[in-house]
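Dumped my_file00.cif below, it's mmCIF, C-alpha atoms and all ligand atoms:
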data_structure
#
loop_
_atom_site.label_atom_id
_atom_site.label_comp_id
_atom_site.auth_asym_id
_atom_site.auth_seq_id
_atom_site.Cartn_x
_atom_site.Cartn_y
_atom_site.Cartn_z
CA MET A 490 128.32 33.78 121.80
CA ALA A 491 132.06 33.36 122.26
CA VAL A 492 133.81 32.54 119.01
CA ILE A 493 137.23 32.20 120.64
CA GLU A 494 137.68 30.77 124.13
CA VAL A 495 141.09 30.62 125.75
CA GLU A 496 141.24 29.14 129.23
CA ARG A 497 144.42 29.08 131.30
CA LEU A 498 146.67 28.70 128.24
CA HIS A 499 150.21 27.70 129.13
CA LYS A 500 153.20 27.46 126.79
CA ARG A 501 156.88 26.89 127.58
CA TYR A 502 160.00 26.98 125.43
CA GLY A 503 162.31 24.63 127.32
CA ARG A 504 162.26 25.92 130.88
CA PHE A 505 161.10 29.39 129.86
CA THR A 506 157.41 30.11 130.31
CA ALA A 507 156.26 32.31 127.40
CA VAL A 508 152.50 32.16 128.10
CA ASP A 509 151.31 31.73 131.65
CA GLU A 510 147.64 30.96 132.42
CA VAL A 511 146.25 33.28 129.77
CA SER A 512 142.43 33.41 129.55
CA PHE A 513 140.08 35.50 127.42
CA GLU A 514 136.99 35.19 125.23
CA VAL A 515 136.18 36.90 121.96
CA GLY A 516 132.55 37.42 120.91
CA GLU A 517 131.14 37.06 117.41
CA GLY A 518 131.86 40.09 115.20
CA GLU A 519 134.22 41.64 117.73
CA VAL A 520 137.60 43.21 116.96
CA PHE A 521 139.66 41.99 119.89
CA GLY A 522 143.18 43.29 120.46
CA ILE A 523 146.14 41.58 122.10
CA LEU A 524 148.43 44.33 123.23
CA GLY A 525 151.72 44.09 125.06
CA PRO A 526 155.44 44.90 125.06
CA ASN A 527 157.99 42.95 122.99
CA GLY A 528 158.32 39.37 124.13
CA ALA A 529 155.05 39.46 126.11
CA GLY A 530 153.84 36.21 124.50
CA LYS A 531 151.38 37.66 121.97
CA THR A 532 152.62 35.76 118.93
CA THR A 533 152.95 32.53 120.89
CA THR A 534 149.32 32.92 121.98
CA VAL A 535 148.00 33.40 118.44
CA GLU A 536 150.19 30.58 117.13
CA CYS A 537 148.52 28.29 119.67
CA LEU A 538 145.10 29.62 118.59
CA SER A 539 145.79 28.86 114.95
CA GLY A 540 147.09 25.36 115.67
CA LEU A 541 150.71 26.16 114.71
CA ARG A 542 151.91 25.36 118.22
CA ALA A 543 150.60 22.83 120.72
CA PRO A 544 149.96 24.34 124.17
CA ASP A 545 151.52 22.76 127.24
CA GLY A 546 148.37 23.36 129.23
CA GLY A 547 144.93 24.94 129.18
CA ARG A 548 142.08 24.80 126.70
CA ILE A 549 141.45 26.62 123.41
CA SER A 550 138.31 26.60 121.31
CA VAL A 551 137.94 28.53 118.05
CA LEU A 552 134.45 28.28 116.52
CA GLY A 553 133.98 25.21 118.71
CA LEU A 554 137.09 23.50 117.29
CA ASP A 555 140.28 22.38 119.01
CA PRO A 556 143.11 24.03 117.01
CA VAL A 557 145.48 21.07 117.35
CA ARG A 558 143.15 18.07 117.06
CA GLN A 559 140.84 19.68 114.47
CA ARG A 560 143.39 21.77 112.63
CA GLU A 561 142.21 20.81 109.15
CA ASP A 562 138.57 21.83 109.91
CA LEU A 563 139.79 25.01 111.57
CA ARG A 564 141.93 25.94 108.57
CA GLN A 565 138.77 26.26 106.46
CA VAL A 566 137.15 28.86 108.74
CA LEU A 567 140.14 30.72 110.20
CA GLY A 568 142.26 33.20 108.23
CA VAL A 569 145.73 33.90 109.57
CA GLN A 570 148.17 36.65 108.75
CA LEU A 571 151.32 36.12 110.76
CA GLN A 572 154.27 38.48 111.15
CA GLN A 573 156.15 37.35 108.02
CA ALA A 574 154.15 36.31 104.99
CA GLY A 575 157.13 34.29 103.73
CA LEU A 576 156.01 34.40 100.09
CA PRO A 577 158.49 33.64 97.30
CA ASP A 578 159.85 36.91 95.90
CA ARG A 579 158.96 36.06 92.31
CA LEU A 580 155.33 35.09 92.99
CA LYS A 581 152.86 37.58 91.49
CA VAL A 582 149.91 39.01 93.40
CA ARG A 583 147.27 37.20 91.35
CA GLU A 584 149.23 33.92 91.45
CA ALA A 585 149.55 34.11 95.24
CA LEU A 586 145.80 34.64 95.65
CA GLU A 587 144.92 31.86 93.20
CA LEU A 588 147.35 29.49 94.89
CA TYR A 589 145.91 30.20 98.33
CA ALA A 590 142.32 30.00 97.00
CA SER A 591 143.04 26.44 95.88
CA PHE A 592 143.58 25.43 99.53
CA TYR A 593 139.97 26.18 100.48
CA ARG A 594 136.62 24.54 99.88
CA ARG A 595 134.70 27.84 99.48
CA PRO A 596 137.28 30.50 98.55
CA ALA A 597 136.54 34.14 97.79
CA ASP A 598 137.01 35.34 94.22
CA PRO A 599 140.66 36.49 93.89
CA VAL A 600 139.74 39.23 91.38
CA GLU A 601 136.98 40.63 93.61
CA LEU A 602 139.33 40.52 96.61
CA MET A 603 142.09 42.35 94.70
CA HIS A 604 139.60 45.11 93.88
CA ARG A 605 138.40 45.29 97.48
CA LEU A 606 141.93 45.62 98.83
CA GLY A 607 143.16 48.05 96.20
CA LEU A 608 145.50 45.50 94.58
CA ALA A 609 143.88 45.20 91.16
CA GLU A 610 146.51 47.36 89.49
CA LYS A 611 149.24 45.21 91.01
CA ALA A 612 147.79 41.85 89.93
CA GLY A 613 150.80 41.09 87.72
CA GLU A 614 153.43 42.51 90.07
CA ARG A 615 155.95 40.27 91.79
CA TYR A 616 155.77 40.10 95.60
CA LYS A 617 159.30 41.46 95.98
CA ARG A 618 158.44 44.62 94.04
CA LEU A 619 155.43 45.59 96.15
CA SER A 620 155.76 48.41 98.69
CA GLY A 621 155.47 47.58 102.40
CA GLY A 622 151.85 48.75 102.44
CA GLN A 623 150.99 46.70 99.35
CA GLN A 624 152.64 43.61 100.86
CA GLN A 625 150.52 44.07 103.96
CA ARG A 626 147.37 44.45 101.89
CA LEU A 627 148.27 41.23 100.10
CA ALA A 628 148.83 39.55 103.47
CA ILE A 629 145.32 40.61 104.52
CA ALA A 630 143.91 39.42 101.20
CA LEU A 631 145.57 36.02 101.75
CA ALA A 632 144.07 35.85 105.25
CA LEU A 633 140.62 36.52 103.74
CA ILE A 634 140.83 34.34 100.61
CA GLY A 635 139.23 31.34 102.33
CA ASN A 636 136.11 33.35 103.32
CA PRO A 637 136.95 32.88 107.00
CA GLU A 638 134.64 33.51 109.96
CA VAL A 639 137.59 34.57 112.12
CA VAL A 640 140.83 36.28 111.09
CA ILE A 641 144.03 36.68 113.08
CA LEU A 642 146.17 39.66 112.12
CA ASP A 643 149.61 39.86 113.76
CA GLU A 644 151.60 43.13 113.75
CA LEU A 645 149.71 44.27 110.73
CA THR A 646 151.07 47.78 110.40
CA THR A 647 154.62 47.45 111.75
CA GLY A 648 157.01 49.24 109.43
CA LEU A 649 154.33 51.11 107.51
CA ASP A 650 154.25 54.87 107.06
CA PRO A 651 151.30 56.72 108.66
CA HIS A 652 149.39 56.91 105.38
CA ALA A 653 149.73 53.20 104.59
CA ARG A 654 148.82 52.41 108.19
CA ARG A 655 145.58 54.35 107.88
CA THR A 656 144.71 52.54 104.65
CA VAL A 657 145.25 49.19 106.37
CA TRP A 658 143.08 50.33 109.30
CA GLU A 659 140.27 51.16 106.90
CA LEU A 660 140.57 47.65 105.49
CA VAL A 661 140.27 46.15 108.97
CA GLU A 662 137.13 48.24 109.50
CA GLN A 663 135.72 46.85 106.24
CA VAL A 664 136.51 43.31 107.39
CA ARG A 665 134.68 43.92 110.64
CA ALA A 666 131.71 45.44 108.78
CA SER A 667 131.42 42.21 106.80
CA GLY A 668 130.77 40.37 110.10
CA VAL A 669 134.14 38.62 110.44
CA THR A 670 135.53 38.33 113.97
CA VAL A 671 139.03 39.83 114.16
CA LEU A 672 141.86 39.07 116.58
CA LEU A 673 144.46 41.78 116.21
CA VAL A 674 147.96 41.61 117.71
CA THR A 675 149.58 44.99 118.06
CA HIS A 676 151.88 47.14 120.10
CA PHE A 677 150.50 50.38 118.76
CA MET A 678 148.15 52.04 121.23
CA GLU A 679 146.66 54.24 118.54
CA GLU A 680 145.80 51.18 116.50
CA ALA A 681 144.14 49.43 119.46
CA GLU A 682 142.22 52.57 120.36
CA ARG A 683 140.98 53.11 116.84
CA LEU A 684 140.09 49.52 115.91
CA CYS A 685 139.45 47.34 118.94
CA ASP A 686 136.20 46.82 120.83
CA ARG A 687 138.15 45.20 123.65
CA VAL A 688 141.80 44.62 124.42
CA ALA A 689 143.73 42.04 126.45
CA LEU A 690 146.86 43.64 127.81
CA ILE A 691 149.58 40.97 128.13
CA ASP A 692 152.84 41.38 129.97
CA ARG A 693 155.48 38.71 130.58
CA GLY A 694 153.13 35.93 129.51
CA ARG A 695 150.25 37.01 131.73
CA VAL A 696 147.02 38.89 131.13
CA VAL A 697 147.20 42.13 133.09
CA ALA A 698 143.77 43.41 132.08
CA VAL A 699 140.92 42.80 129.61
CA ASP A 700 138.73 45.80 128.91
CA THR A 701 137.60 48.33 126.32
CA PRO A 702 140.39 50.75 125.35
CA ALA A 703 138.57 53.54 127.22
CA GLY A 704 138.02 51.26 130.23
CA LEU A 705 141.73 50.42 130.33
CA ALA A 706 142.66 54.09 130.21
CA ALA A 707 140.25 54.85 133.06
CA ARG A 708 141.51 51.86 135.07
CA ALA A 709 145.02 53.25 135.05
CA GLY A 710 143.58 56.07 137.17
CA GLN A 711 144.69 58.66 134.67
CA GLN A 712 143.88 62.26 135.10
CA GLN A 713 142.69 64.86 132.65
CA ARG A 714 144.72 67.93 131.99
CA MET A 715 143.51 71.32 130.76
CA ARG A 716 145.60 74.33 129.84
CA PHE A 717 144.37 77.81 128.99
CA ARG A 718 145.09 81.52 129.20
CA PRO A 719 142.49 83.16 131.49
CA SER A 720 141.16 86.50 130.25
CA GLY A 721 141.13 87.92 133.81
CA PRO A 722 142.48 87.22 137.31
CA LEU A 723 141.65 83.72 138.59
CA ASP A 724 140.47 82.90 142.08
CA GLU A 725 142.88 79.99 142.48
CA GLU A 726 141.56 78.95 145.90
CA LEU A 727 138.04 78.62 144.55
CA LEU A 728 139.27 76.38 141.74
CA ARG A 729 141.47 74.29 144.04
CA ALA A 730 138.48 73.73 146.33
CA LEU A 731 136.56 71.95 143.56
CA PRO A 732 136.56 68.17 144.20
CA GLU A 733 137.44 67.52 140.52
CA VAL A 734 140.64 69.60 140.69
CA ALA A 735 143.83 67.83 141.81
CA GLY A 736 146.48 70.38 140.85
CA LEU A 737 146.99 73.86 139.46
CA VAL A 738 150.25 75.31 138.14
CA TRP A 739 151.20 78.32 136.05
CA HIS A 740 153.41 78.30 132.96
CA GLY A 741 153.80 82.05 132.41
CA PRO A 742 150.36 83.38 131.47
CA VAL A 743 149.01 79.84 130.94
CA VAL A 744 147.41 77.88 133.77
CA GLU A 745 147.46 74.07 133.81
CA ILE A 746 144.80 72.30 135.84
CA THR A 747 144.80 68.53 136.38
CA GLY A 748 142.01 66.48 137.81
CA THR A 749 139.35 63.84 137.23
CA GLY A 750 135.64 63.44 136.43
CA ASN A 751 133.91 66.39 134.73
CA LEU A 752 136.98 68.57 135.22
CA VAL A 753 136.57 70.64 132.06
CA GLN A 754 132.86 71.38 132.52
CA VAL A 755 133.21 72.23 136.21
CA VAL A 756 136.18 74.56 135.70
CA THR A 757 134.72 76.35 132.68
CA ALA A 758 131.39 76.81 134.51
CA GLN A 759 133.27 78.36 137.43
CA LEU A 760 135.13 80.72 135.05
CA ALA A 761 131.91 81.67 133.25
CA ARG A 762 130.35 82.76 136.53
CA ARG A 763 133.16 85.33 136.78
CA GLN A 764 133.02 86.29 133.12
CA ILE A 765 136.47 84.86 132.53
CA ILE A 766 137.20 83.32 129.15
CA ALA A 767 139.56 80.32 128.83
CA ALA A 768 141.56 81.34 125.74
CA ASP A 769 143.58 78.73 123.77
CA LEU A 770 141.97 75.94 125.78
CA ARG A 771 143.66 72.56 125.35
CA VAL A 772 142.45 69.36 126.96
CA ASP A 773 144.40 66.10 127.13
CA GLN A 774 142.40 63.00 127.89
CA ALA A 775 143.79 59.87 129.51
CA SER A 776 144.98 57.56 126.79
CA LEU A 777 145.52 53.86 126.37
CA ASP A 778 149.19 54.79 126.18
CA ASP A 779 149.09 55.95 129.81
CA ALA A 780 147.30 52.74 130.81
CA PHE A 781 149.89 50.63 129.02
CA VAL A 782 152.74 52.32 130.85
CA ALA A 783 150.94 52.17 134.22
CA LEU A 784 149.87 48.52 133.91
CA THR A 785 153.08 47.06 132.43
CA GLY A 786 155.53 49.13 134.42
CA GLY A 787 156.48 51.11 131.33
CA ARG A 788 158.72 48.55 129.70
CA GLU A 789 158.30 48.51 125.98
N1 LIG B 1 160.76 29.25 119.30
C1 LIG B 1 161.10 29.82 120.45
N2 LIG B 1 162.06 29.27 121.24
C2 LIG B 1 162.42 29.83 122.41
N3 LIG B 1 161.89 30.97 122.90
C3 LIG B 1 160.94 31.57 122.16
C4 LIG B 1 160.52 31.03 120.89
N4 LIG B 1 159.55 31.85 120.40
C5 LIG B 1 159.40 32.85 121.30
N5 LIG B 1 160.22 32.67 122.36
C6 LIG B 1 160.32 33.57 123.53
O1 LIG B 1 159.03 33.60 124.15
C7 LIG B 1 158.71 34.93 124.57
C8 LIG B 1 157.42 35.38 123.92
O2 LIG B 1 157.62 35.54 122.53
P1 LIG B 1 156.49 36.01 121.55
O3 LIG B 1 157.06 36.04 120.18
O4 LIG B 1 155.26 35.21 121.77
O5 LIG B 1 156.25 37.49 122.08
P2 LIG B 1 155.51 38.72 121.42
O6 LIG B 1 154.69 39.33 122.50
O7 LIG B 1 154.81 38.31 120.20
O8 LIG B 1 156.73 39.69 121.08
P3 LIG B 1 156.94 40.75 119.88
O9 LIG B 1 156.04 41.90 120.17
O10 LIG B 1 158.38 41.10 120.03
O11 LIG B 1 156.61 40.04 118.59
C9 LIG B 1 159.90 35.78 124.20
O12 LIG B 1 160.70 35.95 125.38
C10 LIG B 1 160.63 34.98 123.15
O13 LIG B 1 162.02 35.22 123.20
#

Is it possible to give me this structure as structure tokens?
Amino acid sequence: MAVIEVERLHKRYGRFTAVDEVSFEVGEGEVFGILGPNGAGKTTTVECLSGLRAPDGGRISVLGLDPVRQREDLRQVLGVQLQQAGLPDRLKVREALELYASFYRRPADPVELMHRLGLAEKAGERYKRLSGGQQQRLAIALALIGNPEVVILDELTTGLDPHARRTVWELVEQVRASGVTVLLVTHFMEEAERLCDRVALIDRGRVVAVDTPAGLAARAGQQQRMRFRPSGPLDEELLRALPEVAGLVWHGPVVEITGTGNLVQVVTAQLARRQIIAADLRVDQASLDDAFVALTGGRE
């Protein structure tokens, strides 16, 4: 069942069209990514989904509710973490959670949530004095305090160091394991690849593709690349004749072979037949990064 339905969403700022006929659906329990370059219209899209902006056209349904007309009902079942939490500097972690809990009919227990998100030790700390990673964890906690069925997380890990980013990713995986549907806005490929079941790639207000991260990478027609040092002389012509092989170049003693399909298996089988070992073998797979560049013209 689709939990979020967006059909031909249209949003203008004055004469500028920020979101242009955007459509996608998110299934129950899915982690769905919205990925795109700066200014693509990602935030505008999620602001329309959470009822913060009224669309100029199209239809949105979140858990069967219209975000603008039924905003109060939606607020009880949708958790939102937008780019800036905008909390007062002096507010303490526990106070923020208790304040937000008071907005909901069936809130989560702030103490239990602080433990779950690794904030228990910071319960009495002021917002301003938290590290970037701790502020983000608090932002996630605030998005979850109402026991939502759907959460929207926008640019969750921007500005975090790699360690803090990984901690936040683990939290998102926990959220998903608890059955909550997650809509994740990001411009980090690695994040989308690691967390998302499916991704909508948005560019200049339009959906360029909706697919699994692996499907997107494949769609960009990316090749695989293998590099190795052969232990004996190679029959280059034989390798070039394989349908999977598209190119073969030497870098000193190292050969680089590009191609598609079962490239690695086919080439290594061919080498094995001649008792040649592929030393220091390195294989690069097509990545979502390549797809992003190919499908958005490389503007980030
Ligand atoms: N309040 C506004 N008034 C006028 N233009 C706006 C407003 N908000 C956003 N825009 C413009 O609409 C376009 C889409 O902005 P939006 O914030 O939705 O993009 P985004 O994909 O979230 O970008 P980023 O990754 O940089 O956060 C941008 O060109 C932006 O300048």

For this session: Enumerate residues in contact with ligand LIG 1 (chain B): an atom-to-atom distance of at most 7 Å, counting all atoms listed in the file. Format the result as a ChimeraX atom specification.
Result: /A:502,507,525-534,676

For this session: Name all residues at most 6 Å from segment 562-566 of chain A (count all atoms listed in the file; drop same-chain ones fewer than 2 positions away) and give them as a ChimeraX atom specification.
Result: /A:559-560,637-638

Problem set entry | Contacts of Arg771 of chain A at 10 Å (all atoms listed in the file; same-chain gap of 6+ positions) as number ranges by chain | A: 714-718, 745, 753

Seminar exercise, completed: If you count all atoms listed in the file, the residue of A:Leu627, A:Val772, A:Ala707, A:Ala653 closest to Ala612 of chain A turns out to be A:Leu627

For this session: For Val688 of chain A, please output as a list in words all residues within 7 Å (counting only C-alpha atoms; exclusion window: fewer than 6 positions along the same chain).
Result: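 Listed by chain and then number, they are Phe521, Gly522, Ile523, Leu524, Val699, Asp700, Thr701 and Pro702 of chain A.
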
Write the residues of the preceding selection, restricted to C-alpha atoms, as a compact mmCIF listing (two decimals), keeping the file's coordinate frame.
# COMPACT_ATOMS: atom_id res chain seq x y z
CA PHE A 521 139.66 41.99 119.89
CA GLY A 522 143.18 43.29 120.46
CA ILE A 523 146.14 41.58 122.10
CA LEU A 524 148.43 44.33 123.23
CA VAL A 699 140.92 42.80 129.61
CA ASP A 700 138.73 45.80 128.91
CA THR A 701 137.60 48.33 126.32
CA PRO A 702 140.39 50.75 125.35

Extending 6 Å beyond the listed atoms of segment 558-575 of chain A on each side, what axis-aligned box results? I want centre and edge lengths in Å to one decimal, as JSON.
{"center_x": 147.1, "center_y": 28.3, "center_z": 110.4, "size_x": 32.0, "size_y": 32.4, "size_z": 25.3}

Exercise. How far is it from atom CA of Arg762 of chain A to atom CA of His740 of chain A, in Å with one decimal?
Worked result: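 Separation between atom CA of Arg762 of chain A and atom CA of His740 of chain A: 23.8 Å.
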
For this session: Tell me, as a list in words, which residues lie within 9 Å of Val661 of chain A, counting all atoms listed in the file; anything in the same chain fewer than 6 positions away does not count.
Result: Val520, Ile629, Val671 and Leu684 of chain A

Output for the residues just chosen: C-alpha atoms as an mmCIF file, keeping the file's coordinate frame:
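Writing done, so here's out.cif:
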data_model
loop_
_atom_site.group_PDB
_atom_site.id
_atom_site.type_symbol
_atom_site.label_atom_id
_atom_site.label_comp_id
_atom_site.auth_asym_id
_atom_site.auth_seq_id
_atom_site.Cartn_x
_atom_site.Cartn_y
_atom_site.Cartn_z
ATOM 1 C CA VAL A 520 137.600 43.210 116.960
ATOM 2 C CA ILE A 629 145.320 40.610 104.520
ATOM 3 C CA VAL A 671 139.030 39.830 114.160
ATOM 4 C CA LEU A 684 140.090 49.520 115.910
#

Exercise. A:Val535, A:Ala628, A:Val582, A:Leu673: which is nearest Glu519 of chain A, counting all atoms listed in the file?
Worked result: A:Leu673

For this session: Quote the spacing between atom CA of Cys685 of chain A and atom CA of Ala780 of chain A in Å to one decimal place.
Result: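 Between these atoms lies a distance of 15.2 Å.
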
Exercise. Quick one: of A:Val551, A:Val515, A:Ala761, A:Val639, who's nearest to Ala689 of chain A, counting only C-alpha atoms?
Worked result: A:Val515

Problem set entry | d(atom CA of Met490 of chain A, atom CA of Thr646 of chain A) in Å |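 Atom-to-atom, atom CA of Met490 of chain A to atom CA of Thr646 of chain A, that is 29.0 Å.
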
For this session: Write out as a list of chain:residue names which residues come within 8 Å of Arg579 of chain A when counting all atoms listed in the file, dropping same-chain ones fewer than 2 positions away.
Result: A:Pro577, A:Lys581, A:Arg615, A:Tyr616, A:Lys617

For this session: Around the point (145.1, 40.0, 109.2), in the coordinates given by the file, pick out the residues reaching within 7 Å, counting only C-alpha atoms, and return them as a ChimeraX atom specification.
Result: /A:569-570,628-629,632,640-643,645

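Distance check against Ser539 of chain A using only C-alpha atoms: of A:Asp773, A:Gly622, A:Gly736, A:Leu672, the minimum falls on A:Leu672.
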
For this session: Measuring atom to atom with all atoms listed in the file, identify which of A:Arg655, A:Arg542, A:Arg618, A:Arg504 is nearest to Leu580 of chain A.
Result: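 Answer, going by the shortest atom-to-atom distance: A:Arg618.
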
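Nearest-residue note for Pro599 of chain A: choosing from A:Arg683, A:Glu614, A:Ala630, A:Gln623, the minimum distance belongs to A:Ala630, counting all atoms listed in the file.
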